[in-house]
Every structure is written in structure tokens, then in C-alpha cells.
file model_35.tsv (TSV, C-alpha atoms)
chain	number	residue	atom	x	y	z
A	277	MET	CA	94.67	113.77	131.37
A	278	GLY	CA	97.00	112.49	128.71
A	279	ARG	CA	96.74	108.99	127.40
A	280	LYS	CA	99.44	106.51	127.80
A	281	ASN	CA	99.55	105.22	124.27
A	282	ASN	CA	102.73	107.10	123.51
A	283	VAL	CA	104.66	104.91	125.91
A	284	SER	CA	106.08	102.40	123.52
A	285	SER	CA	106.65	99.44	125.75
A	286	SER	CA	107.05	98.62	129.39
A	287	ASN	CA	109.07	95.55	128.70
A	288	ALA	CA	112.24	97.50	128.20
A	289	PRO	CA	114.19	97.92	131.42
A	290	PRO	CA	113.71	101.69	131.72
A	291	PRO	CA	110.30	102.18	133.23
A	292	PRO	CA	107.41	103.63	131.35
A	293	ALA	CA	107.94	107.23	132.20
A	294	PRO	CA	105.17	108.72	134.25
A	295	GLU	CA	103.05	111.01	132.18
A	296	PRO	CA	104.30	114.54	131.83
A	297	GLY	CA	102.49	116.94	134.05
A	298	GLN	CA	102.69	114.66	137.05
A	299	PRO	CA	104.67	116.78	139.49
A	300	GLU	CA	106.07	113.96	141.53
A	301	GLY	CA	107.84	111.04	139.95
A	302	GLU	CA	108.94	112.79	136.79
A	303	ALA	CA	112.35	111.23	136.93
A	304	PRO	CA	112.48	108.29	134.56
A	305	GLN	CA	115.47	106.68	136.31
A	306	PRO	CA	114.80	103.14	137.36
A	307	ARG	CA	116.06	103.55	140.89
A	308	PRO	CA	113.84	105.92	142.84
A	309	PRO	CA	110.31	104.74	143.41
A	310	VAL	CA	107.43	106.48	141.75
A	311	GLN	CA	105.57	108.49	144.33
A	312	VAL	CA	101.91	107.71	144.14
A	313	LEU	CA	99.42	109.96	145.80
A	314	TYR	CA	96.82	107.85	147.52
A	315	CYS	CA	93.42	109.21	148.37
A	316	GLY	CA	92.94	109.83	152.05
A	317	VAL	CA	89.34	108.70	151.90
A	318	CYS	CA	89.24	105.57	149.77
A	319	THR	CA	93.01	104.73	149.79
A	320	TYR	CA	93.05	104.30	146.00
A	321	PRO	CA	95.46	106.26	143.85
A	322	ILE	CA	93.54	109.47	143.27
A	323	GLU	CA	92.84	108.74	139.64
A	324	TYR	CA	90.76	105.72	140.68
A	325	CYS	CA	88.55	107.58	143.14
A	326	GLU	CA	85.90	107.81	140.45
A	327	PHE	CA	85.45	104.05	140.64
A	328	GLY	CA	85.25	103.97	144.40
A	329	SER	CA	82.11	104.28	146.42
A	330	SER	CA	82.87	107.64	147.98
A	331	LEU	CA	83.63	109.91	145.04
A	332	THR	CA	82.06	113.01	146.53
A	333	LYS	CA	84.07	112.73	149.70
A	334	CYS	CA	87.23	111.90	147.77
A	335	LYS	CA	86.73	115.02	145.67
A	336	GLU	CA	86.34	117.17	148.74
A	337	TRP	CA	89.41	115.68	150.30
A	338	LEU	CA	91.49	116.22	147.19
A	339	LYS	CA	90.29	119.79	146.78
A	340	GLU	CA	91.34	120.53	150.31
A	341	GLU	CA	94.65	118.69	150.39
A	342	HIS	CA	95.96	118.96	146.86
A	343	PRO	CA	94.11	121.64	144.90
A	344	GLU	CA	96.49	121.43	141.94
A	345	GLN	CA	95.79	117.70	141.60
A	346	PHE	CA	92.10	118.38	141.85
A	347	ASP	CA	92.28	120.66	138.84
A	348	LYS	CA	94.14	118.02	136.94
A	349	TYR	CA	91.59	115.30	137.51
A	350	TYR	CA	88.27	117.06	137.78
A	351	SER	CA	88.49	120.10	135.49
A	352	GLU	CA	86.27	120.20	132.43
A	353	GLU	CA	88.81	119.13	129.83
A	354	ALA	CA	90.08	116.37	132.07
A	355	LEU	CA	86.57	115.02	132.27
A	356	GLN	CA	86.29	115.25	128.52
A	357	ALA	CA	89.54	113.41	127.92
A	358	LYS	CA	88.66	110.78	130.46
A	359	ILE	CA	85.77	109.43	128.51
A	360	GLY	CA	88.28	107.99	126.05
A	361	THR	CA	86.99	105.24	123.84
A	362	LEU	CA	83.89	104.68	125.88
A	363	SER	CA	80.62	105.39	124.15
A	364	LEU	CA	78.34	108.04	125.51
A	365	GLU	CA	75.65	105.68	126.75
A	366	ALA	CA	78.19	103.52	128.46
A	367	GLN	CA	79.60	106.60	130.13
A	368	THR	CA	76.25	107.81	131.43
A	369	LYS	CA	75.46	104.33	132.62
A	370	LEU	CA	78.75	104.21	134.43
A	371	GLU	CA	78.05	107.52	136.11
A	372	LYS	CA	74.65	106.36	137.18
A	373	ASP	CA	76.15	103.22	138.61
A	374	THR	CA	78.75	105.15	140.54
A	375	ALA	CA	76.12	107.41	142.02
A	376	LYS	CA	74.10	104.40	143.00
A	377	ALA	CA	77.08	102.68	144.55
A	378	GLU	CA	77.88	105.83	146.44
A	379	ALA	CA	74.41	106.13	147.87
A	380	LYS	CA	74.51	102.49	148.81
A	381	ALA	CA	77.84	102.81	150.57
A	382	GLU	CA	76.61	105.82	152.46
A	383	ALA	CA	73.48	104.05	153.59
A	384	LYS	CA	75.60	101.12	154.68
A	385	ALA	CA	77.91	103.35	156.69
A	386	ASP	CA	74.91	105.00	158.30
A	387	ALA	CA	73.40	101.68	159.22
A	388	ALA	CA	76.71	100.53	160.64
A	389	LEU	CA	76.95	103.64	162.78
A	390	LYS	CA	73.41	103.24	164.00
A	391	LYS	CA	74.05	99.65	164.87
A	392	LYS	CA	77.20	100.61	166.68
A	393	MET	CA	75.41	103.25	168.67
A	394	SER	CA	72.64	100.93	169.67
A	395	SER	CA	74.77	97.93	170.54
A	396	GLN	CA	74.93	97.02	174.18
A	397	ILE	CA	77.87	96.29	176.39
A	398	THR	CA	77.14	93.75	179.07
A	399	ILE	CA	79.26	93.59	182.17
A	400	LYS	CA	78.47	90.36	183.89
A	401	ARG	CA	79.45	89.48	187.40
A	402	ILE	CA	79.70	85.75	187.66
A	403	GLU	CA	79.90	84.03	190.98
A	404	ARG	CA	82.62	81.46	191.13
A	405	ASN	CA	82.10	80.34	194.71
A	406	LYS	CA	80.48	82.12	197.59
A	407	ARG	CA	82.78	85.12	197.81
A	408	LYS	CA	84.79	85.02	194.62
A	409	HIS	CA	83.66	86.50	191.35
A	410	ILE	CA	84.83	87.00	187.86
A	411	THR	CA	83.70	89.79	185.57
A	412	ALA	CA	82.94	89.20	181.93
A	413	VAL	CA	82.70	92.19	179.60
A	414	HIS	CA	80.86	91.46	176.42
A	415	GLY	CA	80.30	93.59	173.33
A	416	LEU	CA	83.38	95.80	173.35
A	417	GLU	CA	84.32	94.82	169.81
A	418	ALA	CA	81.26	96.59	168.42
A	419	PHE	CA	82.95	99.86	169.28
A	420	GLY	CA	86.13	98.98	167.46
A	421	ILE	CA	88.07	98.14	170.57
A	422	ASP	CA	90.83	95.60	170.39
A	423	LEU	CA	89.78	93.00	172.95
A	424	LYS	CA	93.31	91.83	173.59
A	425	LYS	CA	94.46	95.33	174.36
A	426	ALA	CA	91.46	95.93	176.57
A	427	ALA	CA	92.20	92.74	178.48
A	428	LYS	CA	95.79	93.83	178.93
A	429	GLN	CA	94.64	97.18	180.20
A	430	PHE	CA	92.26	95.63	182.72
A	431	ALA	CA	94.92	93.24	183.87
A	432	SER	CA	97.40	95.99	184.60
A	433	LYS	CA	94.82	98.33	186.07
A	434	PHE	CA	93.35	95.83	188.51
A	435	ALA	CA	96.50	93.75	188.93
A	436	THR	CA	94.56	90.59	188.20
A	437	GLY	CA	94.31	88.12	185.40
A	438	ALA	CA	92.31	89.19	182.38
A	439	SER	CA	91.90	87.36	179.15
A	440	VAL	CA	89.88	87.12	175.97
A	441	THR	CA	87.76	83.99	175.89
A	442	LYS	CA	84.90	82.63	173.89
A	443	ASN	CA	81.68	82.41	175.84
A	444	ALA	CA	78.98	79.79	175.51
A	445	GLN	CA	77.57	81.43	172.41
A	446	GLY	CA	80.98	81.36	170.76
A	447	LEU	CA	81.45	85.12	171.01
A	448	ASP	CA	84.60	86.73	172.28
A	449	GLU	CA	84.53	88.52	175.58
A	450	VAL	CA	86.99	89.88	178.09
A	451	VAL	CA	87.08	88.00	181.36
A	452	VAL	CA	88.63	89.68	184.37
A	453	GLN	CA	89.29	88.01	187.69
A	454	GLY	CA	87.58	89.56	190.67
A	455	ASP	CA	84.51	91.71	191.00
A	456	VAL	CA	85.46	94.86	189.14
A	457	SER	CA	82.22	95.68	187.36
A	458	ASP	CA	81.78	99.12	188.91
A	459	GLU	CA	85.36	100.05	188.23
A	460	ILE	CA	84.99	99.04	184.61
A	461	VAL	CA	81.93	101.26	184.29
A	462	ASP	CA	83.99	104.10	185.74
A	463	MET	CA	86.75	103.44	183.26
A	464	ILE	CA	84.30	103.48	180.38
A	465	GLU	CA	82.93	106.77	181.64
A	466	GLN	CA	86.38	108.31	181.79
A	467	GLU	CA	87.31	106.76	178.43
A	468	ALA	CA	90.49	105.37	179.93
A	469	GLY	CA	93.08	103.95	177.55
A	470	VAL	CA	91.55	102.00	174.69
A	471	LEU	CA	88.01	102.25	175.96
A	472	LYS	CA	86.96	105.14	173.77
A	473	GLY	CA	83.69	106.24	172.30
A	474	ILE	CA	81.28	104.16	174.33
A	475	PRO	CA	78.09	105.88	175.43
A	476	VAL	CA	77.55	105.05	179.10
A	477	ASP	CA	73.85	104.47	178.51
A	478	ASN	CA	74.72	101.38	176.54
A	479	VAL	CA	76.47	99.75	179.45
A	480	GLU	CA	74.54	97.27	181.45
A	481	ILE	CA	75.54	95.37	184.55
A	482	VAL	CA	74.06	91.97	185.18
A	483	GLU	CA	74.76	89.41	187.80
A	484	GLU	CA	74.90	85.69	187.43
A	485	LYS	CA	74.61	83.42	190.41
A	486	LYS	CA	76.01	79.98	190.39
A	487	LYS	CA	72.76	78.11	190.75
A	488	LYS	CA	70.74	79.45	187.85
A	489	GLY	CA	69.67	82.63	189.57
A	490	GLY	CA	68.10	85.60	187.93
A	491	GLU	CA	69.97	87.77	185.51
B	38	MET	CA	92.92	85.28	145.30
B	39	PHE	CA	92.44	88.04	147.82
B	40	LYS	CA	88.88	88.95	147.15
B	41	LYS	CA	87.91	87.50	150.48
B	42	PHE	CA	90.78	87.47	152.85
B	43	GLN	CA	90.57	88.03	156.55
B	44	PRO	CA	93.77	88.28	158.51
B	45	SER	CA	92.13	86.90	161.63
B	46	THR	CA	90.90	83.68	160.06
B	47	ASP	CA	92.98	83.16	156.94
B	48	ILE	CA	96.47	83.53	158.33
B	49	ALA	CA	97.95	80.40	159.80
B	50	GLY	CA	101.15	81.86	161.18
B	51	HIS	CA	104.16	84.07	160.84
B	52	THR	CA	107.62	82.57	160.59
B	53	PRO	CA	110.95	84.26	159.98
B	54	VAL	CA	112.57	82.80	156.89
B	55	LYS	CA	115.93	81.06	157.09
B	56	THR	CA	118.80	82.99	155.57
B	57	SER	CA	119.53	80.27	153.05
B	58	VAL	CA	115.90	80.33	151.90
B	59	GLN	CA	115.98	84.10	151.82
B	60	ARG	CA	118.94	83.89	149.50
B	61	SER	CA	117.10	81.64	147.12
B	62	ILE	CA	114.01	83.87	147.25
B	63	ARG	CA	116.16	86.88	146.51
B	64	SER	CA	117.70	85.25	143.48
B	65	ALA	CA	114.28	84.04	142.34
B	66	LEU	CA	112.91	87.57	142.59
B	67	LEU	CA	115.85	88.91	140.61
B	68	SER	CA	115.31	86.38	137.88
B	69	GLN	CA	111.52	86.68	137.75
B	70	TRP	CA	111.15	90.44	138.08
B	71	LYS	CA	112.78	93.03	135.91
B	72	ILE	CA	114.47	94.65	138.81
B	73	GLU	CA	118.05	95.66	139.46
B	74	PRO	CA	119.76	94.23	142.52
B	75	GLU	CA	120.17	97.75	143.90
B	76	THR	CA	116.49	98.53	143.64
B	77	LEU	CA	115.54	95.27	145.28
B	78	GLU	CA	118.02	96.16	147.98
B	79	ALA	CA	116.14	99.43	148.47
B	80	ILE	CA	112.76	97.76	148.99
B	81	TRP	CA	114.16	94.77	150.83
B	82	PRO	CA	117.42	95.61	152.58
B	83	LYS	CA	119.68	92.64	153.19
B	84	LYS	CA	119.65	93.21	156.90
B	85	GLU	CA	115.89	93.05	157.16
B	86	GLY	CA	114.71	89.54	157.67
B	87	LEU	CA	111.88	88.30	155.53
B	88	VAL	CA	108.83	87.01	157.34
B	89	HIS	CA	106.78	84.29	155.77
B	90	VAL	CA	103.08	84.66	156.44
B	91	LYS	CA	101.33	81.45	155.74
B	92	CYS	CA	97.73	81.72	154.62
B	93	ARG	CA	95.01	79.32	153.65
B	94	GLU	CA	95.03	77.56	150.30
B	95	HIS	CA	98.82	77.54	149.95
B	96	VAL	CA	99.09	81.28	149.66
B	97	SER	CA	102.25	82.66	151.20
B	98	ILE	CA	102.84	86.33	151.72
B	99	TYR	CA	106.35	87.59	152.36
B	100	THR	CA	106.66	90.69	154.45
B	101	VAL	CA	109.55	92.99	155.23
B	102	ASN	CA	109.13	95.01	158.39
B	103	GLY	CA	105.49	93.99	158.50
B	104	GLU	CA	104.81	95.35	155.04
B	105	PRO	CA	103.73	92.81	152.45
B	106	LEU	CA	106.33	92.72	149.69
B	107	ALA	CA	105.46	89.72	147.61
B	108	PHE	CA	103.16	86.76	147.60
B	109	GLN	CA	103.09	83.40	146.02
B	110	HIS	CA	100.58	80.68	145.41
B	111	PHE	CA	101.92	77.21	146.12
B	112	ASP	CA	105.18	77.05	144.15
B	113	GLY	CA	104.09	79.51	141.51
B	114	PRO	CA	105.78	82.71	140.50
B	115	PHE	CA	106.27	85.52	142.98
B	116	TYR	CA	103.91	88.44	142.57
B	117	PRO	CA	104.77	91.82	143.99
B	118	THR	CA	102.01	93.52	145.92
B	119	LEU	CA	100.16	96.34	144.22
B	120	ARG	CA	101.78	98.98	146.39
B	121	VAL	CA	105.21	97.75	145.30
B	122	ILE	CA	104.08	97.83	141.69
B	123	HIS	CA	102.95	101.41	142.08
B	124	LYS	CA	106.39	102.36	143.27
B	125	TYR	CA	108.28	100.31	140.70
B	126	PRO	CA	105.91	99.86	137.78
B	127	TYR	CA	108.51	98.33	135.48
B	128	ILE	CA	109.22	95.10	137.33
B	129	LEU	CA	106.53	93.16	135.49
B	130	PRO	CA	105.44	93.43	131.87
B	131	MET	CA	102.37	95.54	131.32
B	132	VAL	CA	99.04	94.99	129.67
B	133	LYS	CA	96.24	97.48	129.52
B	134	VAL	CA	92.48	97.16	129.52
B	135	ASP	CA	90.01	99.63	128.15
B	136	ARG	CA	87.98	101.91	130.29
B	137	GLY	CA	84.85	99.82	130.23
B	138	ALA	CA	86.66	96.97	131.95
B	139	ILE	CA	87.90	98.96	134.93
B	140	ARG	CA	84.85	98.63	137.07
B	141	PHE	CA	84.68	94.89	136.52
B	142	LEU	CA	88.35	94.63	137.36
B	143	LEU	CA	87.73	96.55	140.56
B	144	GLY	CA	85.04	94.03	141.35
B	145	GLY	CA	87.62	91.27	141.01
B	146	ALA	CA	86.61	89.81	137.66
B	147	HIS	CA	89.09	88.09	135.38
B	148	MET	CA	89.97	90.09	132.31
B	149	MET	CA	88.50	89.02	129.01
B	150	CYS	CA	90.40	89.19	125.76
B	151	PRO	CA	88.36	91.92	124.04
B	152	GLY	CA	89.30	94.33	126.81
B	153	PHE	CA	92.90	94.10	125.69
B	154	THR	CA	92.33	94.09	121.96
B	155	SER	CA	89.91	97.01	121.79
B	156	LYS	CA	91.09	100.52	121.12
B	157	GLY	CA	91.86	101.49	124.67
B	158	GLY	CA	93.70	98.29	125.47
B	159	TYR	CA	97.33	97.40	125.07
B	160	LEU	CA	99.24	94.17	124.61
B	161	PRO	CA	102.98	93.77	124.21
B	162	PRO	CA	103.98	93.86	120.53
B	163	PRO	CA	104.58	90.51	118.77
B	164	ASP	CA	108.33	90.57	119.26
B	165	GLU	CA	107.86	90.82	123.01
B	166	ALA	CA	104.96	88.41	123.21
B	167	LEU	CA	104.39	86.76	126.54
B	168	PRO	CA	103.63	83.06	126.92
B	169	ALA	CA	100.66	81.87	128.94
B	170	GLY	CA	101.21	81.83	132.66
B	171	SER	CA	103.36	84.89	133.03
B	172	PRO	CA	102.64	87.51	135.68
B	173	VAL	CA	101.66	90.90	134.33
B	174	THR	CA	100.57	94.22	135.74
B	175	ILE	CA	97.20	95.38	134.53
B	176	HIS	CA	96.96	99.04	133.69
B	177	ALA	CA	93.86	100.86	132.57
B	178	GLU	CA	93.07	103.16	129.74
B	179	GLY	CA	93.73	106.79	130.60
B	180	LYS	CA	95.22	105.89	133.97
B	181	GLU	CA	98.77	106.11	134.98
B	182	HIS	CA	99.05	103.59	137.77
B	183	ALA	CA	98.34	99.90	137.75
B	184	VAL	CA	94.95	98.62	138.89
B	185	GLY	CA	95.83	95.01	139.30
B	186	ILE	CA	98.23	92.16	138.91
B	187	GLY	CA	97.34	89.07	136.98
B	188	ILE	CA	98.63	86.02	135.25
B	189	THR	CA	98.11	85.45	131.55
B	190	LYS	CA	95.86	82.52	130.75
B	191	LEU	CA	96.62	82.68	127.06
B	192	ALA	CA	99.76	83.78	125.29
B	193	THR	CA	99.43	87.40	124.30
B	194	GLU	CA	99.41	86.46	120.64
B	195	ASP	CA	96.56	84.04	121.31
B	196	ILE	CA	94.66	86.78	123.11
B	197	ARG	CA	94.85	88.77	119.91
B	198	LYS	CA	93.88	85.83	117.74
B	199	ILE	CA	91.15	84.15	119.77
B	200	ASN	CA	89.77	87.34	121.27
B	201	LYS	CA	87.26	85.52	123.40
B	202	GLY	CA	87.05	84.40	127.01
B	203	VAL	CA	89.45	84.96	129.86
B	204	GLY	CA	92.78	86.40	128.79
B	205	VAL	CA	94.32	87.36	132.08
B	206	GLU	CA	93.37	86.01	135.45
B	207	VAL	CA	93.39	88.66	138.11
B	208	VAL	CA	95.44	87.80	141.17
B	209	THR	CA	95.16	91.00	143.14
B	210	TYR	CA	93.48	94.28	142.35
B	211	LEU	CA	92.90	97.71	143.74
B	212	GLY	CA	90.60	97.57	146.72
B	213	ASP	CA	90.77	93.87	147.46
B	214	ASP	CA	91.54	92.60	150.92
B	215	LEU	CA	95.28	92.46	150.27
B	216	TRP	CA	95.14	96.13	149.35
B	217	ALA	CA	93.28	96.89	152.54
B	218	LEU	CA	96.00	95.09	154.45
B	219	GLN	CA	98.64	97.77	154.78
B	220	SER	CA	100.73	95.93	157.30
B	221	LEU	CA	100.77	92.52	158.84

call {"tool": "encode", "arguments": {"input": "model_35.tsv", "output": "C-alpha cells"}}
result
Amino acid sequence: MGRKNNVSSSNAPPPPAPEPGQPEGEAPQPRPPVQVLYCGVCTYPIEYCEFGSSLTKCKEWLKEEHPEQFDKYYSEEALQAKIGTLSLEAQTKLEKDTAKAEAKAEAKADAALKKKMSSQITIKRIERNKRKHITAVHGLEAFGIDLKKAAKQFASKFATGASVTKNAQGLDEVVVQGDVSDEIVDMIEQEAGVLKGIPVDNVEIVEEKKKKGGE
Amino acid sequence: MFKKFQPSTDIAGHTPVKTSVQRSIRSALLSQWKIEPETLEAIWPKKEGLVHVKCREHVSIYTVNGEPLAFQHFDGPFYPTLRVIHKYPYILPMVKVDRGAIRFLLGGAHMMCPGFTSKGGYLPPPDEALPAGSPVTIHAEGKEHAVGIGITKLATEDIRKINKGVGVEVVTYLGDDLWALQSL
């Protein structure tokens, strides 16, 4: 990769021309925007993937999607040129750090997935008076579901009111009017609408009576 | 500024901006950024209304079509977002840090003077020196696109002379929460 030192100044109105060899954005005219290729994995411009926490995945992605760019950034001479003014020890240290960060990020993602898979969804039937109930669904957000959208979906499906409210613990949950707990379980099973990716085993139905009954 | 920024808690509200205010913002952008009226027209068409997103601590983000275009702290200068800078890298003056500083920059640290004065760094030449408090894009050694946007804490000539301490304060950088926010 070439260095940018030959660009005299960016203060002059014409833009610092993108480095030669960059297929897109070679036009130095001020008007059209420079096209920047962003990494599909870490969203950084591809040249900054090496500082992200998912370099291995970024590399794979780039190799697959844009092989010519991959050669530009990860071929031997590119790696040589990249070191620049950095001393050798600093470089090795940097590499070690990146590897460490990567492993850490991976472990974190794993843990997050595990947590997601083990988190419970509670569907609670709450008695309002003798024969009227409301249904509170708790824990949907752990599966990346937009609670507002879910509430909207319930409301239109059951033709009742449904809203997102904070419960006593200060956590958000979807509250639907009427006793619809079984139907909600069915919907989760069929993965209707926004309710995607919830293992049915994690769904639990509990009942709450008005006068401090059992769970 | 955007190291920790959560749309759900940090945004106080969206309001469409009055046309008269939009006019003044447009002229302010034209005077503060090195951008031609036509180019600004391309990223912010006249017909598209600007939406003011008010955030905590007097930060305002201006969005066009839900895409953040610029932001401002209190009454300070307008900063373009990093994605805008990538498309139009010439609208702010450029400084460059050496390679060793990149990872600190990506962690959100302010940029120290030696990073600019060492071999891989770059500062505008003396005849184009910038005073303290001017917005700059921060590029990195060996990289083609900007990594961050900052505001100079010292005049560029002072950075060269003093060569110690914070030279440029980072406002937004690659991978911060504003970067993660692709649309509002």
C-alpha cells in the first residue's frame, strides 16, 4: 500500500486524490463522493479491519467478496509496507494485542449467544377480576425482538390492546389484554412475524392470581 | 463525545428544523466547511428537511432522511459525521497521526502532539497553519481514509513547538457509537 506523503496538502480545495491503485474513486474532481468500501463484518473501511476485533472473519469476508482488494491489503508486500515507521517490537506487540482482542471478542460473542439461548421467556396470565385476564410476556428482548413491534403484532392479531410497559422490577414487557397465553405460545412456535428464533423450550407459562396465589 | 451514546437513553427528541433556521445552518456549513454549494446540495438536497435530533449534554445531531449529516456541541462548530468525511474528505483540513497512535485513537483517546510530529504524522505546513479550536479530520499513516474527526487544542504551530500533551481532541472516531448509528 502506498503512503500518502506525496499528497502535498488537503487544505487546497481540490481533494487529496485517492491513492493510485484504488479502483473506485480515482476521479479527483471535487463533486462525486469517494466510494469507500466498508467491511461487511466490522463495518470499518477495509483498511482498518486489522484494528478491529474480528480480523480473521474480516479477511475471510474480503477474500470472498472482493478478492482483488484482498490481494491489495493482505499480500506479502502490502504487509511489509504497512509496518511503516513502526519499530519491529511495537509491531509484534500490536499483533499480539490484536490476536488477544480477537479472542476476547469471540469469547464475548459466545457468551452472549449462550446467554441468549438460556434466557427464559415468561408468559404470565394475570387475573384482573374473576373472569378477566391480561397476559404479560416478559423476556422477548433477549432474542433481539423489538418489543414495540411485537406489541403491535399481538394487538392486531388478537384485536385487543397490547402495549409495552415496565413491570414492578423496572423491566420492559409486553402486556396484552385478554387471556391469550396459549395463542402466544403457538405464535412463538410458528415464528409468526417478528417472533423469530425463540426455542420453545425456553417459554414458560405462569399464572398469577389476584390474591397472592401461587405462581 | 460519542464514546458512550445510546439512542434509547441519550436522545431527547426529534424535531424538524424551521426553514429559516435551515437556511442559516446551510450558510454556516458553507462557511465552515470547504465545500461547494453544489456538493452540499448533493448530500443535503434543498427539498429534504433537516431533522434536529437533540441529545444529552447539548449535543445536537442533524439528520437528512434519517441519516446523520452533521453534529454540533452547544453552539460550537458543525462537524460532519465520519461517513460524510469518507465521501468528501476535503471538507475539513487534514492532520495525520503515525501508525502507533491508531489503536489508541480507535479506543477514543485524544491525540497527543508527538503522534503528529513523528515521521508518520502530518501537520499542515506553516503557511496554512490552523489556530486552536478548528475542526480537523484525523487520518492515519499508511491509510487512505479518515479514522476520526477532532478539534485542535493547540495551534498546529504550537503542536510542533511544544510537542507534548494533547494536540487534537477527538470528537468522533471509527467504531464509536455514532459510527454504529447508521440511521436515526

call {"tool": "interface_residues", "arguments": {"input": "model_35.tsv", "of": "chain B", "to": "chain A", "cutoff": "6 Å", "atoms": "all atoms listed in the file", "output": "short mmCIF file (atom, residue, chain, number, x, y, z; two decimals) with C-alpha atoms, in the coordinates of the input"}}
result
data_model
loop_
_atom_site.label_atom_id
_atom_site.label_comp_id
_atom_site.auth_asym_id
_atom_site.auth_seq_id
_atom_site.Cartn_x
_atom_site.Cartn_y
_atom_site.Cartn_z
CA THR B 76 116.49 98.53 143.64
CA LYS B 124 106.39 102.36 143.27
CA TYR B 125 108.28 100.31 140.70
CA TYR B 127 108.51 98.33 135.48
CA PRO B 130 105.44 93.43 131.87
CA MET B 131 102.37 95.54 131.32
CA GLY B 179 93.73 106.79 130.60
#

call {"tool": "atom_distance", "arguments": {"input": "model_35.tsv", "atom1": "atom CA of A:Arg401", "atom2": "atom CA of A:Ser457"}}
result
6.8 Å

call {"tool": "residues_around", "arguments": {"input": "model_35.tsv", "residues": "stretch 85-96 of chain B", "least_positions_apart": "2", "cutoff": "9 Å", "atoms": "only C-alpha atoms", "output": "VMD selection string"}}
result
chain B and resid 38 44 46 to 56 59 81 to 83 98 to 103 108 to 112 221

call {"tool": "atom_distance", "arguments": {"input": "model_35.tsv", "atom1": "atom CA of A:Ile399", "atom2": "atom CA of A:Lys485"}}
result
13.9 Å

call {"tool": "closest_residue", "arguments": {"input": "model_35.tsv", "among": "B:Ile199, B:Ala183, B:Ile72, B:Ala192", "to": "B:Thr118", "atoms": "all atoms listed in the file"}}
result
B:Ala183

call {"tool": "residues_around", "arguments": {"input": "model_35.tsv", "residues": "B:Arg197", "least_positions_apart": "3", "cutoff": "8 Å", "atoms": "all atoms listed in the file", "output": "ChimeraX atom specification"}}
result
/B:150,154,193-194,200

call {"tool": "residues_around", "arguments": {"input": "model_35.tsv", "residues": "stretch 461-477 of chain A", "least_positions_apart": "6", "cutoff": "9 Å", "atoms": "all atoms listed in the file", "output": "tab-separated table (two decimals) with C-alpha atoms, in the frame of the given file"}}
result
chain	number	residue	atom	x	y	z
A	393	MET	CA	75.41	103.25	168.67
A	396	GLN	CA	74.93	97.02	174.18
A	397	ILE	CA	77.87	96.29	176.39
A	399	ILE	CA	79.26	93.59	182.17
A	416	LEU	CA	83.38	95.80	173.35
A	419	PHE	CA	82.95	99.86	169.28
A	420	GLY	CA	86.13	98.98	167.46
A	421	ILE	CA	88.07	98.14	170.57
A	422	ASP	CA	90.83	95.60	170.39
A	425	LYS	CA	94.46	95.33	174.36
A	426	ALA	CA	91.46	95.93	176.57
A	429	GLN	CA	94.64	97.18	180.20

call {"tool": "atom_distance", "arguments": {"input": "model_35.tsv", "atom1": "atom CA of B:Phe141", "atom2": "atom CA of A:Val317"}}
result
21.2 Å

call {"tool": "residues_near_point", "arguments": {"input": "model_35.tsv", "point": "(88.4, 116.7, 148.2)", "cutoff": "12 Å", "atoms": "all atoms listed in the file", "output": "mmCIF file with C-alpha atoms, in the frame of the given file"}}
result
data_model
loop_
_atom_site.group_PDB
_atom_site.id
_atom_site.type_symbol
_atom_site.label_atom_id
_atom_site.label_comp_id
_atom_site.auth_asym_id
_atom_site.auth_seq_id
_atom_site.Cartn_x
_atom_site.Cartn_y
_atom_site.Cartn_z
ATOM 1 C CA CYS A 315 93.420 109.210 148.370
ATOM 2 C CA GLY A 316 92.940 109.830 152.050
ATOM 3 C CA VAL A 317 89.340 108.700 151.900
ATOM 4 C CA CYS A 318 89.240 105.570 149.770
ATOM 5 C CA ILE A 322 93.540 109.470 143.270
ATOM 6 C CA CYS A 325 88.550 107.580 143.140
ATOM 7 C CA SER A 330 82.870 107.640 147.980
ATOM 8 C CA LEU A 331 83.630 109.910 145.040
ATOM 9 C CA THR A 332 82.060 113.010 146.530
ATOM 10 C CA LYS A 333 84.070 112.730 149.700
ATOM 11 C CA CYS A 334 87.230 111.900 147.770
ATOM 12 C CA LYS A 335 86.730 115.020 145.670
ATOM 13 C CA GLU A 336 86.340 117.170 148.740
ATOM 14 C CA TRP A 337 89.410 115.680 150.300
ATOM 15 C CA LEU A 338 91.490 116.220 147.190
ATOM 16 C CA LYS A 339 90.290 119.790 146.780
ATOM 17 C CA GLU A 340 91.340 120.530 150.310
ATOM 18 C CA GLU A 341 94.650 118.690 150.390
ATOM 19 C CA HIS A 342 95.960 118.960 146.860
ATOM 20 C CA PRO A 343 94.110 121.640 144.900
ATOM 21 C CA GLU A 344 96.490 121.430 141.940
ATOM 22 C CA GLN A 345 95.790 117.700 141.600
ATOM 23 C CA PHE A 346 92.100 118.380 141.850
ATOM 24 C CA ASP A 347 92.280 120.660 138.840
ATOM 25 C CA TYR A 349 91.590 115.300 137.510
ATOM 26 C CA TYR A 350 88.270 117.060 137.780
#

call {"tool": "closest_residue", "arguments": {"input": "model_35.tsv", "among": "B:Arg120, B:Lys41, B:Lys133, B:Lys190", "to": "B:Leu211", "atoms": "only C-alpha atoms"}}
result
B:Arg120

call {"tool": "closest_residue", "arguments": {"input": "model_35.tsv", "among": "B:Leu66, B:Gly185, B:Ala79, B:Met149", "to": "B:Leu215", "atoms": "only C-alpha atoms"}}
result
B:Gly185

call {"tool": "closest_residue", "arguments": {"input": "model_35.tsv", "among": "B:Lys71, B:Arg63, B:Lys198, B:His182", "to": "B:Leu106", "atoms": "all atoms listed in the file"}}
result
B:Arg63

call {"tool": "closest_residue", "arguments": {"input": "model_35.tsv", "among": "A:Val482, A:Val451, A:Ser439, A:Ser329", "to": "A:Ala377", "atoms": "only C-alpha atoms"}}
result
A:Ser329
